[in-house]
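Here's the structure we're looking at; comments come further down.
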Amino acid sequence: GTCGCGVADVDSDGDGVFDCVDNCPAVPNADQADGNGNGIGDVCDTPPVAQVSLGISQSDVAEPPNPGTVTFTGQVNNGGPEASGPFKITYTVQTTDCATGTPATEEDSVELGGLDSGGSSVFFTDTVQTDMICTYLVTAAIENLAVDDPDLSDNTASAGY
């Protein structure tokens, strides 16, 4: 038969392709499509994985009270085996004015292109103008990631004082 001596010509999933040559013997896939050429049929292939993580750090910040500006930098890394595709970082900056106690919130976002696999990084930075800042907190999150990420816990970050 097709499978050779001592190997039964069995088609476990009923797709017309014997198990010994089927690239996905447990799930029917008569077309044997294998888009990424890894030898595993598309219907059995795991989705692409990016291991994307986000970090936020503050810089150029004097001890409170601090007139002027607060600058923060975000870094997004992809340590996964697949490119990430484009995504969006949304961030919120919350401050409190020392003189008045008035809180203020600024929201913004940045669209970023995809990250290559295997440790590539991208940075973004922003500066908040303030009269007299007593407290400062920036919180950011990755949105619209176009590929599966097995660990979403590191897709948000914050920094402040």
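Chain labels run A, B, ... following the order of the structure tokens; each chain numbers its residues from 1, and ligands are numbered from 1 in the order shown.
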
Using only C-alpha atoms, which protein or nucleic acid residues come within 10 Å of A:Glu143? Drop anything in the same chain fewer than 3 positions from it, and give the result as number ranges by chain. A: 86-90, 109, 111, 140, 146, 155-156

Exercise: A:Cys3 partners within 8 Å, only C-alpha atoms, chain neighbours under 6 positions left out, as a list of chain:residue names: A:Asp9, A:Phe18, A:Cys20, A:Val21

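Relative to atom CA of A:Gly101, atom CA of A:Thr139 is found at 20.4 Å.
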
Report as number ranges by chain all protein, DNA and RNA residues lying within 7 Å of A:Asn77, evaluated on only C-alpha atoms, omitting residues in the same chain fewer than 3 positions from it. A: 52-54, 119-122

Using only C-alpha atoms for the distances, tell me which of A:Ile142, A:Cys134, A:Thr127, A:Gly160 is nearest to A:Leu112.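 Of all the options, A:Ile142 lies closest to A:Leu112.
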
As an NGL selection string, please: all residues of chain A that backbone DSSP puts in strand (DSSP E or B). :A and (49 or 52-59 or 66-78 or 87-97 or 103-112 or 120-143 or 148 or 156-160)

Using atom CA of A:Asp19 and atom CA of A:Gly41 as the two end points, give the distance in Å to one decimal.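 Atom CA of A:Gly41 lies 12.3 Å from atom CA of A:Asp19.
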
Between A:Asp126, A:Asp42, A:Asp11, A:Asp116, which residue has the minimum interatomic distance to A:Gly79, considering only C-alpha atoms?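 Of the candidates, the smallest distance to A:Gly79 is held by A:Asp116.
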
Separation of atom CA of A:Asp97 from atom CA of A:Phe124 in Å: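 According to the coordinates, atom CA of A:Phe124 and atom CA of A:Asp97 are separated by 25.2 Å.
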
Residues near A:Pro103, anyone? I mean within 9 Å using only C-alpha atoms, not counting same-chain ones fewer than 5 positions away, as number ranges by chain. A: 94-97, 135

Let me make sure I understand: among A:Asn29, A:Tyr136, A:Asp154, A:Phe123, which one has the smallest atom-to-atom distance to A:Cys98 if we use only C-alpha atoms?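 Result for the nearest residue to A:Cys98: A:Tyr136.
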
Looking at A:Gly74, A:Ala141, A:Ser158, A:Tyr91, which one is nearest to A:Asp108, with distances taken over only C-alpha atoms?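 Checking each candidate against A:Asp108, we get A:Tyr91 as the closest.
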
Which residue, A:Ala104, A:Ser57, A:Val138, A:Val27, has the smallest gap to A:Thr92 when you use only C-alpha atoms?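 Nearest candidate to A:Thr92 out of A:Ala104, A:Ser57, A:Val138, A:Val27: A:Val138.
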